[in-house]
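my_file_22.csv, holding CSV, C-alpha atoms and all ligand atoms:
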chain,number,residue,atom,x,y,z
A,422,MET,CA,-22.6,-14.4,14.3
A,423,LEU,CA,-25.1,-12.0,12.9
A,424,TYR,CA,-27.7,-10.6,15.2
A,425,ARG,CA,-31.1,-9.1,14.6
A,426,ASP,CA,-33.1,-6.7,16.7
A,427,ALA,CA,-36.1,-8.2,18.4
A,428,GLY,CA,-38.6,-5.3,18.3
A,429,THR,CA,-40.0,-4.0,21.5
A,430,THR,CA,-38.2,-6.6,23.6
A,431,GLY,CA,-35.1,-4.5,23.1
A,432,GLU,CA,-33.0,-7.7,22.7
A,433,SER,CA,-30.6,-8.5,19.9
A,434,LEU,CA,-31.0,-12.2,19.0
A,435,SER,CA,-28.5,-14.4,17.3
A,436,LEU,CA,-29.7,-15.2,13.8
A,437,GLN,CA,-29.1,-18.9,14.7
A,438,GLY,CA,-30.8,-20.1,17.8
A,439,LEU,CA,-30.5,-23.5,19.5
A,440,GLY,CA,-33.6,-25.7,19.7
A,441,CYS,CA,-33.0,-27.9,22.6
A,442,MET,CA,-35.8,-30.4,21.8
A,443,ARG,CA,-33.4,-32.7,19.8
A,444,PHE,CA,-30.7,-33.3,22.3
A,445,THR,CA,-29.2,-36.8,22.0
A,446,SER,CA,-30.9,-39.3,24.3
A,447,HIS,CA,-30.5,-43.0,25.1
A,448,ALA,CA,-33.6,-45.0,26.1
A,449,GLY,CA,-35.4,-41.7,26.7
A,450,ILE,CA,-32.6,-40.2,28.9
A,451,ILE,CA,-30.8,-37.2,27.6
A,452,ASP,CA,-27.0,-37.5,27.3
A,453,GLN,CA,-26.2,-34.6,29.6
A,454,ALA,CA,-22.5,-34.5,28.9
A,455,LYS,CA,-23.1,-34.4,25.1
A,456,ALA,CA,-25.8,-31.8,25.5
A,457,GLU,CA,-23.4,-29.5,27.5
A,458,THR,CA,-20.7,-29.9,24.9
A,459,VAL,CA,-23.2,-28.6,22.3
A,460,LEU,CA,-24.4,-25.8,24.5
A,461,SER,CA,-20.9,-24.7,25.3
A,462,ARG,CA,-19.9,-24.6,21.7
A,463,ALA,CA,-23.1,-22.7,20.8
A,464,LEU,CA,-22.2,-20.0,23.4
A,465,GLU,CA,-18.7,-19.8,22.1
A,466,ARG,CA,-20.0,-19.3,18.6
A,467,GLY,CA,-22.3,-16.4,19.6
A,468,ILE,CA,-25.7,-18.2,19.9
A,469,ASN,CA,-27.7,-16.4,22.7
A,470,TYR,CA,-31.2,-17.8,22.2
A,471,PHE,CA,-32.1,-21.2,23.6
A,472,ASP,CA,-35.5,-22.8,23.2
A,473,THR,CA,-37.1,-25.5,25.3
A,474,ALA,CA,-40.6,-26.5,26.5
A,475,TYR,CA,-42.3,-28.1,29.5
A,476,THR,CA,-43.5,-31.0,27.3
A,477,TYR,CA,-40.0,-31.9,25.9
A,478,PRO,CA,-39.0,-34.8,28.2
A,479,GLY,CA,-36.1,-34.0,30.4
A,480,ASN,CA,-35.3,-31.0,28.4
A,481,GLU,CA,-35.8,-28.1,30.8
A,482,ALA,CA,-33.9,-30.0,33.5
A,483,CYS,CA,-31.0,-30.6,31.2
A,484,LEU,CA,-30.8,-27.0,30.2
A,485,GLY,CA,-31.2,-26.0,33.9
A,486,ARG,CA,-28.1,-28.0,34.9
A,487,PHE,CA,-26.1,-26.1,32.3
A,488,LEU,CA,-27.5,-22.7,33.3
A,489,ALA,CA,-26.6,-23.4,36.9
A,490,LYS,CA,-22.9,-23.7,36.0
A,491,GLY,CA,-22.5,-20.0,35.7
A,492,ASN,CA,-24.0,-19.7,32.2
A,493,ARG,CA,-27.4,-18.1,33.0
A,494,GLY,CA,-26.3,-14.5,32.4
A,495,ARG,CA,-25.1,-15.3,28.9
A,496,MET,CA,-28.2,-17.0,27.7
A,497,LEU,CA,-31.7,-15.9,26.7
A,498,VAL,CA,-34.0,-18.8,27.7
A,499,ALA,CA,-37.3,-19.5,26.0
A,500,THR,CA,-39.8,-22.0,27.3
A,501,LYS,CA,-43.5,-22.6,27.0
A,502,LEU,CA,-46.8,-22.9,28.8
A,503,PRO,CA,-48.7,-26.1,27.8
A,504,HIS,CA,-52.1,-24.4,28.2
A,505,TYR,CA,-53.8,-27.4,26.7
A,506,GLN,CA,-52.8,-29.3,29.9
A,507,CYS,CA,-54.4,-26.5,32.1
A,508,ALA,CA,-57.9,-26.4,33.4
A,509,SER,CA,-57.6,-23.2,35.4
A,510,SER,CA,-55.1,-20.5,36.3
A,511,ALA,CA,-53.9,-22.5,39.2
A,512,ASP,CA,-52.4,-24.8,36.6
A,513,PHE,CA,-50.4,-21.9,35.2
A,514,ASP,CA,-48.7,-21.3,38.6
A,515,ARG,CA,-48.1,-25.0,39.2
A,516,ILE,CA,-46.5,-25.6,35.8
A,517,PHE,CA,-44.5,-22.4,35.7
A,518,ASP,CA,-43.1,-23.0,39.2
A,519,GLU,CA,-42.0,-26.4,38.0
A,520,GLU,CA,-40.4,-24.9,34.9
A,521,LEU,CA,-38.4,-22.4,37.0
A,522,ALA,CA,-37.3,-25.2,39.3
A,523,ARG,CA,-36.2,-27.4,36.4
A,524,LEU,CA,-34.4,-24.6,34.7
A,525,GLN,CA,-32.8,-23.5,38.1
A,526,THR,CA,-33.5,-19.9,37.4
A,527,ASP,CA,-35.8,-17.2,38.8
A,528,HIS,CA,-37.0,-15.9,35.4
A,529,VAL,CA,-37.7,-16.8,31.8
A,530,ASP,CA,-36.7,-14.4,29.1
A,531,PHE,CA,-39.1,-15.4,26.4
A,532,TYR,CA,-42.3,-17.2,27.4
A,533,LEU,CA,-44.6,-18.7,24.8
A,534,MET,CA,-48.1,-19.9,24.9
A,535,HIS,CA,-47.3,-23.3,23.4
A,536,MET,CA,-49.0,-24.5,20.2
A,537,ILE,CA,-51.8,-22.0,19.7
A,538,THR,CA,-53.8,-23.3,16.7
A,539,SER,CA,-56.6,-20.7,16.3
A,540,LEU,CA,-58.1,-17.7,17.8
A,541,THR,CA,-60.5,-20.0,19.7
A,542,SER,CA,-57.6,-21.8,21.3
A,543,TRP,CA,-56.1,-18.4,22.5
A,544,GLN,CA,-59.6,-17.3,23.7
A,545,ARG,CA,-59.8,-20.5,25.9
A,546,VAL,CA,-56.5,-19.6,27.6
A,547,ARG,CA,-57.7,-16.0,28.0
A,548,GLU,CA,-60.9,-17.2,29.7
A,549,MET,CA,-58.8,-19.0,32.3
A,550,GLY,CA,-57.3,-15.6,33.2
A,551,VAL,CA,-53.9,-15.8,31.5
A,552,GLU,CA,-53.7,-12.1,30.8
A,553,ASP,CA,-53.9,-11.2,34.5
A,554,TRP,CA,-51.5,-14.0,35.3
A,555,ILE,CA,-49.0,-12.8,32.7
A,556,ALA,CA,-49.3,-9.2,34.1
A,557,ARG,CA,-48.4,-10.6,37.6
A,558,GLN,CA,-45.4,-12.5,36.3
A,559,ARG,CA,-44.1,-9.5,34.5
A,560,THR,CA,-44.5,-7.3,37.5
A,561,SER,CA,-42.6,-9.8,39.6
A,562,GLY,CA,-39.9,-10.1,36.9
A,563,ARG,CA,-40.4,-13.9,36.5
A,564,ILE,CA,-41.4,-13.5,32.8
A,565,ARG,CA,-39.6,-10.8,30.7
A,566,HIS,CA,-41.3,-11.2,27.2
A,567,VAL,CA,-44.5,-13.0,26.1
A,568,GLY,CA,-45.2,-14.6,22.8
A,569,PHE,CA,-46.9,-17.7,21.2
A,570,SER,CA,-45.9,-20.6,19.0
A,571,PHE,CA,-48.4,-21.4,16.3
A,572,HIS,CA,-49.6,-24.4,14.3
A,573,GLY,CA,-52.6,-23.5,12.2
A,574,GLY,CA,-53.7,-21.7,9.1
A,575,ILE,CA,-52.9,-18.2,7.9
A,576,ALA,CA,-56.4,-16.7,8.7
A,577,ASP,CA,-56.2,-17.9,12.3
A,578,PHE,CA,-52.6,-16.7,12.6
A,579,LYS,CA,-53.5,-13.2,11.7
A,580,GLN,CA,-56.3,-13.1,14.2
A,581,VAL,CA,-54.1,-14.4,17.0
A,582,VAL,CA,-51.4,-11.8,16.1
A,583,ASP,CA,-54.0,-9.1,16.5
A,584,ALA,CA,-55.7,-10.4,19.6
A,585,TYR,CA,-53.0,-9.5,22.2
A,586,PRO,CA,-50.0,-7.2,22.6
A,587,TRP,CA,-47.5,-10.0,22.0
A,588,GLU,CA,-43.8,-9.2,21.9
A,589,PHE,CA,-42.8,-12.1,19.6
A,590,CYS,CA,-44.1,-15.2,17.9
A,591,GLN,CA,-42.8,-18.5,16.7
A,592,ILE,CA,-43.9,-20.1,13.4
A,593,GLN,CA,-43.0,-23.2,11.4
A,594,LEU,CA,-41.2,-22.1,8.1
A,595,ASN,CA,-38.9,-23.6,5.5
A,596,TYR,CA,-38.4,-23.3,1.8
A,597,LEU,CA,-40.7,-26.3,1.1
A,598,ASP,CA,-43.5,-24.9,3.4
A,599,ALA,CA,-43.4,-21.3,2.3
A,600,HIS,CA,-47.2,-21.4,1.8
A,601,ALA,CA,-48.2,-23.8,4.5
A,602,GLN,CA,-49.5,-22.8,8.0
A,603,ALA,CA,-48.5,-19.2,8.7
A,604,GLY,CA,-45.9,-19.3,5.9
A,605,LEU,CA,-44.2,-16.4,4.3
A,606,GLU,CA,-47.5,-14.4,4.4
A,607,GLY,CA,-47.7,-14.9,8.1
A,608,LEU,CA,-44.0,-14.0,8.6
A,609,ARG,CA,-44.5,-10.7,6.8
A,610,TYR,CA,-47.8,-10.0,8.5
A,611,ALA,CA,-46.3,-10.4,12.0
A,612,SER,CA,-43.2,-8.6,11.1
A,613,GLY,CA,-45.2,-5.7,9.6
A,614,ARG,CA,-46.9,-5.3,13.0
A,615,GLY,CA,-43.5,-5.1,14.7
A,616,LEU,CA,-43.4,-8.7,16.0
A,617,PRO,CA,-40.0,-10.5,16.0
A,618,VAL,CA,-40.5,-13.9,14.4
A,619,ILE,CA,-38.7,-17.0,15.6
A,620,VAL,CA,-38.7,-19.8,13.1
A,621,MET,CA,-39.0,-23.5,14.0
A,622,GLU,CA,-38.8,-26.6,11.8
A,623,PRO,CA,-36.3,-24.9,9.4
A,624,LEU,CA,-35.4,-28.3,8.0
A,625,ARG,CA,-38.8,-29.9,8.4
A,626,GLY,CA,-37.6,-32.1,11.2
A,627,GLY,CA,-34.5,-33.1,9.3
A,628,ARG,CA,-36.3,-34.0,6.1
A,629,LEU,CA,-34.5,-31.2,4.2
A,630,ALA,CA,-31.2,-32.2,5.6
A,631,VAL,CA,-31.1,-35.9,4.9
A,632,GLY,CA,-33.0,-38.0,2.3
A,633,LEU,CA,-33.6,-35.3,-0.2
A,634,PRO,CA,-34.5,-36.7,-3.7
A,635,GLU,CA,-31.5,-36.9,-6.1
A,636,GLY,CA,-33.0,-34.2,-8.3
A,637,ALA,CA,-33.0,-31.7,-5.4
A,638,ARG,CA,-29.5,-32.5,-4.3
A,639,ARG,CA,-28.3,-32.1,-7.9
A,640,ALA,CA,-30.0,-28.7,-8.2
A,641,PHE,CA,-28.2,-27.4,-5.1
A,642,ALA,CA,-24.9,-29.0,-5.9
A,643,ALA,CA,-24.9,-27.4,-9.4
A,644,VAL,CA,-24.8,-23.9,-7.7
A,645,ASP,CA,-22.8,-24.5,-4.5
A,646,PRO,CA,-21.4,-28.1,-4.2
A,647,GLY,CA,-19.7,-27.2,-0.9
A,648,LEU,CA,-23.0,-26.4,1.0
A,649,SER,CA,-24.9,-29.2,2.6
A,650,PRO,CA,-28.7,-29.6,2.1
A,651,ALA,CA,-29.1,-28.4,5.7
A,652,GLY,CA,-27.1,-25.3,4.9
A,653,TRP,CA,-29.3,-24.7,1.9
A,654,GLY,CA,-32.4,-24.9,4.2
A,655,LEU,CA,-31.0,-22.5,6.7
A,656,GLN,CA,-29.6,-19.9,4.4
A,657,TRP,CA,-33.1,-19.5,2.7
A,658,LEU,CA,-34.4,-18.4,6.1
A,659,PHE,CA,-31.4,-16.2,6.9
A,660,ASP,CA,-32.0,-14.5,3.6
A,661,GLN,CA,-35.6,-13.4,4.8
A,662,PRO,CA,-35.3,-10.0,6.3
A,663,GLU,CA,-38.4,-10.5,8.5
A,664,VAL,CA,-36.9,-13.6,10.3
A,665,THR,CA,-35.4,-12.7,13.6
A,666,CYS,CA,-34.0,-16.0,14.8
A,667,VAL,CA,-33.9,-19.5,13.3
A,668,LEU,CA,-34.1,-22.4,15.7
A,669,SER,CA,-32.2,-25.6,14.8
A,670,GLY,CA,-31.8,-28.7,16.8
A,671,MET,CA,-28.0,-29.4,16.8
A,672,ASN,CA,-26.6,-32.4,18.6
A,673,GLU,CA,-23.0,-32.4,17.3
A,674,VAL,CA,-20.4,-29.7,17.6
A,675,SER,CA,-19.8,-29.9,13.9
A,676,GLN,CA,-23.4,-29.0,13.2
A,677,VAL,CA,-23.1,-26.0,15.5
A,678,ASP,CA,-20.0,-24.9,13.6
A,679,GLU,CA,-21.6,-25.4,10.2
A,680,ASN,CA,-24.7,-23.5,11.1
A,681,CYS,CA,-22.9,-20.7,12.9
A,682,ASP,CA,-20.5,-20.2,9.9
A,683,LEU,CA,-23.5,-19.7,7.7
A,684,ALA,CA,-25.3,-17.4,10.2
A,685,SER,CA,-22.2,-15.3,10.3
A,686,ARG,CA,-22.2,-14.6,6.6
A,687,VAL,CA,-25.7,-14.9,5.1
A,688,ALA,CA,-27.3,-11.5,5.5
A,689,ALA,CA,-30.9,-10.7,4.6
A,690,GLY,CA,-31.5,-10.4,0.9
A,691,SER,CA,-28.0,-11.6,0.0
A,692,LEU,CA,-28.9,-14.7,-2.1
A,693,SER,CA,-28.3,-14.5,-5.8
A,694,SER,CA,-30.9,-15.2,-8.5
A,695,GLU,CA,-29.0,-18.3,-9.3
A,696,GLN,CA,-29.3,-19.5,-5.7
A,697,LEU,CA,-32.9,-18.7,-5.5
A,698,SER,CA,-33.6,-20.6,-8.8
A,699,ALA,CA,-31.9,-23.7,-7.2
A,700,TYR,CA,-34.7,-23.7,-4.6
A,701,ASP,CA,-37.4,-23.7,-7.3
A,702,ALA,CA,-35.7,-26.7,-8.9
A,703,ALA,CA,-35.3,-28.5,-5.6
A,704,ILE,CA,-38.9,-27.9,-4.6
A,705,GLU,CA,-40.0,-29.3,-8.0
A,706,ALA,CA,-37.9,-32.4,-7.4
A,707,ILE,CA,-39.3,-32.9,-3.9
A,708,ARG,CA,-42.9,-32.4,-5.0
A,709,ALA,CA,-42.4,-35.0,-7.8
A,710,VAL,CA,-42.0,-37.8,-5.3
A,711,GLU,CA,-44.9,-36.7,-3.1
A,712,ARG,CA,-48.2,-38.5,-2.9
A,713,VAL,CA,-50.3,-35.5,-3.7
A,714,GLY,CA,-48.9,-32.6,-5.8
A,715,CYS,CA,-50.5,-30.0,-3.6
A,716,THR,CA,-48.7,-26.7,-3.5
A,717,GLY,CA,-50.7,-25.3,-0.6
A,718,CYS,CA,-52.0,-22.4,-2.7
A,719,GLY,CA,-55.4,-22.6,-1.0
A,720,TYR,CA,-57.5,-21.9,-4.1
A,721,CYS,CA,-59.7,-24.8,-3.2
A,722,MET,CA,-60.7,-23.2,0.1
A,723,PRO,CA,-63.0,-22.7,1.8
A,724,CYS,CA,-64.7,-26.1,1.9
A,725,PRO,CA,-68.3,-25.7,2.9
A,726,HIS,CA,-67.9,-28.6,5.3
A,727,GLY,CA,-64.8,-27.2,7.0
A,728,VAL,CA,-62.1,-29.5,5.6
A,729,ASP,CA,-58.6,-27.8,5.7
A,730,ILE,CA,-57.6,-29.4,2.4
A,731,PRO,CA,-54.0,-28.1,2.1
A,732,SER,CA,-53.2,-29.2,5.7
A,733,CYS,CA,-54.6,-32.7,5.1
A,734,PHE,CA,-52.4,-33.1,2.0
A,735,ARG,CA,-49.4,-31.6,3.6
A,736,ALA,CA,-49.6,-34.1,6.5
A,737,TRP,CA,-50.3,-37.0,4.0
A,738,ASN,CA,-47.2,-36.1,2.1
A,739,ALA,CA,-45.2,-35.8,5.3
A,740,ALA,CA,-46.2,-39.3,6.2
A,741,ALA,CA,-44.8,-40.6,3.0
A,742,SER,CA,-41.5,-38.6,3.2
A,743,ASP,CA,-40.9,-38.3,6.9
A,744,GLY,CA,-42.7,-41.3,8.4
A,745,TRP,CA,-46.3,-42.0,9.4
A,746,VAL,CA,-45.9,-40.8,13.0
A,747,ARG,CA,-44.7,-37.4,11.9
A,748,GLY,CA,-47.4,-37.0,9.3
A,749,PHE,CA,-50.1,-38.2,11.8
A,750,SER,CA,-48.8,-35.7,14.4
A,751,ASP,CA,-48.9,-32.9,11.8
A,752,TYR,CA,-52.4,-34.0,10.8
A,753,VAL,CA,-53.9,-34.1,14.3
A,754,MET,CA,-52.3,-30.7,15.2
A,755,THR,CA,-53.4,-28.8,12.1
A,756,THR,CA,-56.8,-30.3,11.4
A,757,SER,CA,-58.3,-31.8,14.5
A,758,LEU,CA,-57.2,-30.2,17.8
A,759,LYS,CA,-59.5,-27.3,17.2
A,760,ALA,CA,-63.0,-26.1,18.2
A,761,GLN,CA,-64.0,-26.5,14.5
A,762,PRO,CA,-62.3,-29.7,13.3
A,763,ALA,CA,-61.1,-29.6,9.7
A,764,ASN,CA,-60.1,-33.3,9.1
A,765,ALA,CA,-60.5,-35.3,5.9
A,766,GLY,CA,-63.4,-37.3,7.4
A,767,ARG,CA,-65.6,-34.3,7.1
A,768,CYS,CA,-65.5,-34.4,3.3
A,769,VAL,CA,-68.8,-35.3,1.7
A,770,SER,CA,-67.4,-35.5,-1.9
A,771,CYS,CA,-69.4,-32.6,-3.3
A,772,GLY,CA,-66.5,-31.9,-5.7
A,773,ARG,CA,-66.7,-28.2,-5.4
A,774,CYS,CA,-63.0,-27.8,-4.4
A,775,ALA,CA,-61.6,-29.9,-7.2
A,776,ARG,CA,-63.0,-27.6,-9.9
A,777,ARG,CA,-60.8,-24.8,-8.4
A,778,CYS,CA,-57.6,-26.7,-8.1
A,779,PRO,CA,-54.9,-25.4,-10.5
A,780,GLN,CA,-53.0,-28.7,-10.1
A,781,HIS,CA,-56.1,-30.7,-11.1
A,782,ILE,CA,-56.0,-32.9,-8.0
A,783,ALA,CA,-58.9,-35.3,-7.5
A,784,ILE,CA,-59.4,-33.8,-4.1
A,785,PRO,CA,-62.3,-35.9,-2.7
A,786,GLN,CA,-60.6,-39.1,-3.8
A,787,GLU,CA,-57.3,-38.1,-2.3
A,788,LEU,CA,-59.0,-37.0,0.9
A,789,ALA,CA,-60.6,-40.4,1.2
A,790,ARG,CA,-57.1,-41.9,1.1
A,791,VAL,CA,-56.0,-39.4,3.8
A,792,ARG,CA,-59.0,-40.4,6.0
A,793,LYS,CA,-58.2,-44.1,5.6
A,794,GLY,CA,-54.5,-43.6,6.3
A,795,PHE,CA,-55.0,-41.3,9.4
A,796,GLU,CA,-58.4,-41.7,11.0
A,797,GLY,CA,-58.0,-45.2,12.4
A,798,ILE,CA,-57.8,-46.3,16.0
A,799,PRO,CA,-54.9,-44.0,17.1
A,800,TYR,CA,-56.8,-41.0,15.8
A,801,LYS,CA,-60.0,-42.0,17.7
A,802,ALA,CA,-57.9,-42.4,20.8
A,803,VAL,CA,-56.4,-38.9,20.4
A,804,MET,CA,-59.9,-37.5,19.9
A,805,ARG,CA,-61.1,-39.1,23.0
A,806,PHE,CA,-58.2,-37.5,24.8
A,807,LYS,CA,-59.1,-34.2,23.2
A,808,GLY,CA,-62.5,-34.5,24.8
A,809,LEU,CA,-60.8,-34.5,28.2
A,810,LYS,CA,-58.1,-32.0,27.8
A,811,PHE,CA,-57.7,-30.4,24.4
A,812,LYS,CA,-60.8,-28.2,24.5
A,813,VAL,CA,-59.3,-25.8,22.1
B,1,LIG,S1,-65.3,-32.4,-2.0
B,1,LIG,FE1,-65.0,-32.5,0.2
B,1,LIG,S2,-63.3,-31.1,0.6
B,1,LIG,FE2,-64.1,-30.6,-1.4
B,1,LIG,S3,-65.5,-28.9,-1.0
B,1,LIG,FE3,-66.7,-30.8,-1.0
B,1,LIG,S4,-66.8,-31.5,1.1
B,1,LIG,FE4,-65.1,-29.9,0.9
B,2,LIG,S1,-56.1,-25.8,-4.9
B,2,LIG,FE1,-55.1,-27.8,-5.2
B,2,LIG,S2,-52.9,-27.3,-5.0
B,2,LIG,FE2,-54.0,-25.6,-4.1
B,2,LIG,S3,-54.2,-26.1,-1.9
B,2,LIG,FE3,-56.0,-26.9,-2.9
B,2,LIG,S4,-55.5,-29.0,-3.4
B,2,LIG,FE4,-53.6,-27.9,-3.0
Please lay out the structure from this file as structure tokens.
Amino acid sequence: MLYRDAGTTGESLSLQGLGCMRFTSHAGIIDQAKAETVLSRALERGINYFDTAYTYPGNEACLGRFLAKGNRGRMLVATKLPHYQCASSADFDRIFDEELARLQTDHVDFYLMHMITSLTSWQRVREMGVEDWIARQRTSGRIRHVGFSFHGGIADFKQVVDAYPWEFCQIQLNYLDAHAQAGLEGLRYASGRGLPVIVMEPLRGGRLAVGLPEGARRAFAAVDPGLSPAGWGLQWLFDQPEVTCVLSGMNEVSQVDENCDLASRVAAGSLSSEQLSAYDAAIEAIRAVERVGCTGCGYCMPCPHGVDIPSCFRAWNAAASDGWVRGFSDYVMTTSLKAQPANAGRCVSCGRCARRCPQHIAIPQELARVRKGFEGIPYKAVMRFKGLKFKV
């Protein structure tokens, strides 16, 4: 296993981390024995970073049962504060106490503000007194390092990075989404300010592991037929020198072994030009089957009416490739759970953006499809819920 230094935390993180969110479950109940088999193998193979969250059903408790079997000292545990479920600092205490009890531990190594989407969402948590609360937890030793996980655009990401002395951050990144959300630009920005960067969704929720278009599989197989599509996805991230740790949800020992083999040999900057060209060909093949050929370049932005055009199209494409629920969830998180909504329904068809699009996308017409596809009854229900809790 290769390890990378995690900045001011003083920790050395395994390049491959274990995202616990995807443990195998039956009828909503996690298969504890299977999860522990995977966790044990991960430890044997040198993984030391384990990520969970308050809002992943049964997840912290599952991890806690494993920690309690004499494993706590060998594992760096990351979990998250669902600030969007909090109305005051009393909720921070209530939730964090519950997390420690579930995890059967007296401290969390890496604690994240979960799902920060903009500077406004961070300011809302701040106004509830989270900075003093963090200071108290640090003094008592209950939290060792503080960071945030992010879903939003690059401008917001940079503002959040600069708004607090974070010790690490977590972003979504993979070869297909190099220019979406924080993207490569955000990775380099954070790293340039000394922040270790943990990567989530390296395989886009499995989309880059299974169901790749034939053209993409051929592009990879022509260069290295022995490496799986998942391996191709992971090694692109291992090759990035600014990445500290890549989270992957593994629920089979064979997956742990495959990922750890790769994380033991792919050093930063080690991919050949031939390998890098294979990604370009694969991306082209994937884009060819997408609903909207948006590359996420952002030349169409800003929209005077606040629409986040690339995020709308990204979610719309995800709905086609990965299923409606995934696309919808992406859509709501990146365009609507914000103080300034940026959803497709805000478009007034002025046409200004379309003139700047190098892909010649008929943006207003495509946004109308996005609105029709996403902004129905479930969307309105989520927005009503937002009115109660998601004041971000
Ligand atoms: S057409 Fe719609 S998305 Fe484009 S600039 Fe006008 S209002 Fe914004
Ligand atoms: S300019 Fe076109 S390709 Fe670029 S983000 Fe906007 S819609 Fe997508």
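For the residues A:Leu648, A:Ala789, A:Cys778, A:Ala427, ranking by smallest atom-to-atom distance to ligand LIG 2 (chain B) using only C-alpha atoms and all ligand atoms places A:Cys778 first.
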- prompt: Which residues form the shell of 8 Å around ligand LIG 1 (chain B) when you count only C-alpha atoms and all ligand atoms, given as JSON, numbers by chain?
  reply: {"A": [721, 722, 723, 724, 725, 726, 727, 728, 729, 730, 765, 767, 768, 769, 770, 771, 772, 773, 774, 775, 784, 785, 788]}
message: Counting all atoms listed in the file, what are the residues, protein, DNA or RNA alike, that approach ligand LIG 2 (chain B) to within 6 Å? I want them as a ChimeraX atom specification.
response: /A:715-721,731,777-780,782
Prev. selection, C-alpha atoms, output as a PDB file, keeping the file's coordinate frame:
ATOM      1  CA  CYS A 715     -50.500 -30.000  -3.600  1.00  0.00           C
ATOM      2  CA  THR A 716     -48.700 -26.700  -3.500  1.00  0.00           C
ATOM      3  CA  GLY A 717     -50.700 -25.300  -0.600  1.00  0.00           C
ATOM      4  CA  CYS A 718     -52.000 -22.400  -2.700  1.00  0.00           C
ATOM      5  CA  GLY A 719     -55.400 -22.600  -1.000  1.00  0.00           C
ATOM      6  CA  TYR A 720     -57.500 -21.900  -4.100  1.00  0.00           C
ATOM      7  CA  CYS A 721     -59.700 -24.800  -3.200  1.00  0.00           C
ATOM      8  CA  PRO A 731     -54.000 -28.100   2.100  1.00  0.00           C
ATOM      9  CA  ARG A 777     -60.800 -24.800  -8.400  1.00  0.00           C
ATOM     10  CA  CYS A 778     -57.600 -26.700  -8.100  1.00  0.00           C
ATOM     11  CA  PRO A 779     -54.900 -25.400 -10.500  1.00  0.00           C
ATOM     12  CA  GLN A 780     -53.000 -28.700 -10.100  1.00  0.00           C
ATOM     13  CA  ILE A 782     -56.000 -32.900  -8.000  1.00  0.00           C
TER      14      ILE A 782
END
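With only C-alpha atoms as the atoms that count, the residue of A:Gly550, A:Gly615, A:Gly604, A:Gly748 with the shortest distance to His504 (chain A) is A:Gly550.
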field: Point-to-point distance from CA of Gly607 (chain A) to CA of Ile575 (chain A), Å rounded to tenths
entry: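 So the answer is 6.2 Å.
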- request: Could you tell me how far CA of Tyr475 (chain A) lies from CA of Glu520 (chain A), in Å and to one decimal?
  value: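 Those two atoms sit 6.6 Å apart.
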- request: Would you work out the distance separating CA of Glu432 (chain A) from CA of Glu465 (chain A), expressed in Å to one decimal?
  value: 18.7 Å
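Among A:Pro478, A:Gly654, A:Gly627, A:Gly574, the residue with the shortest atom-to-atom distance to Leu697 (chain A), counting all atoms listed in the file, is A:Gly654.
Ranking A:Trp587, A:Phe444, A:Phe749, A:Tyr505 by their shortest atom-to-atom distance to Phe569 (chain A), with only C-alpha atoms included, puts A:Trp587 first.
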task: Find the residues near Ala630 (chain A): any atom within 8 Å, counting all atoms listed in the file, skip ones fewer than 3 places away on the same chain, and give them as a list in words.
output: Leu624, Gly627, Leu633, Ser649, Pro650, Ala651 and Gly654 of chain A
message: I'd like the contact shell of Asp514 (chain A) - 10 Å cut-off, only C-alpha atoms, skipping same-chain residues fewer than 5 positions apart - returned as a list in words.
response: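 Close residues of Asp514 (chain A): Ser509, Glu519, Glu520, Trp554 and Gln558 of chain A.
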Nearest candidate to Ala584 (chain A) (options A:Ser542, A:Tyr424, A:Ala739, A:Ile619; using all atoms listed in the file): A:Ser542
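Residue nearest Ile451 (chain A), chosen from A:Val631, A:Pro586, A:Glu606, A:Asn672 and counting all atoms listed in the file: A:Asn672.
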For Tyr752 (chain A), list every protein, DNA or RNA residue within 10 Å, evaluated using only C-alpha atoms, and leave out those in the same chain fewer than 5 positions away; present the list as a PDB file with C-alpha atoms, in the coordinates of the input.
ATOM      1  CA  SER A 732     -53.200 -29.200   5.700  1.00  0.00           C
ATOM      2  CA  CYS A 733     -54.600 -32.700   5.100  1.00  0.00           C
ATOM      3  CA  PHE A 734     -52.400 -33.100   2.000  1.00  0.00           C
ATOM      4  CA  ARG A 735     -49.400 -31.600   3.600  1.00  0.00           C
ATOM      5  CA  ALA A 736     -49.600 -34.100   6.500  1.00  0.00           C
ATOM      6  CA  TRP A 737     -50.300 -37.000   4.000  1.00  0.00           C
ATOM      7  CA  ALA A 739     -45.200 -35.800   5.300  1.00  0.00           C
ATOM      8  CA  ALA A 740     -46.200 -39.300   6.200  1.00  0.00           C
ATOM      9  CA  VAL A 746     -45.900 -40.800  13.000  1.00  0.00           C
ATOM     10  CA  ARG A 747     -44.700 -37.400  11.900  1.00  0.00           C
ATOM     11  CA  SER A 757     -58.300 -31.800  14.500  1.00  0.00           C
ATOM     12  CA  LEU A 758     -57.200 -30.200  17.800  1.00  0.00           C
ATOM     13  CA  ALA A 763     -61.100 -29.600   9.700  1.00  0.00           C
ATOM     14  CA  ASN A 764     -60.100 -33.300   9.100  1.00  0.00           C
ATOM     15  CA  ALA A 765     -60.500 -35.300   5.900  1.00  0.00           C
ATOM     16  CA  VAL A 791     -56.000 -39.400   3.800  1.00  0.00           C
ATOM     17  CA  PHE A 795     -55.000 -41.300   9.400  1.00  0.00           C
ATOM     18  CA  GLU A 796     -58.400 -41.700  11.000  1.00  0.00           C
ATOM     19  CA  TYR A 800     -56.800 -41.000  15.800  1.00  0.00           C
TER      20      TYR A 800
END
message: Using all atoms listed in the file, which protein or nucleic acid residues come within 8 Å of region 641-644 of chain A? Drop anything in the same chain fewer than 2 positions from it, and give the result as a ChimeraX atom specification.
response: /A:637-639,646-648,650,653,695-696,699-700,703
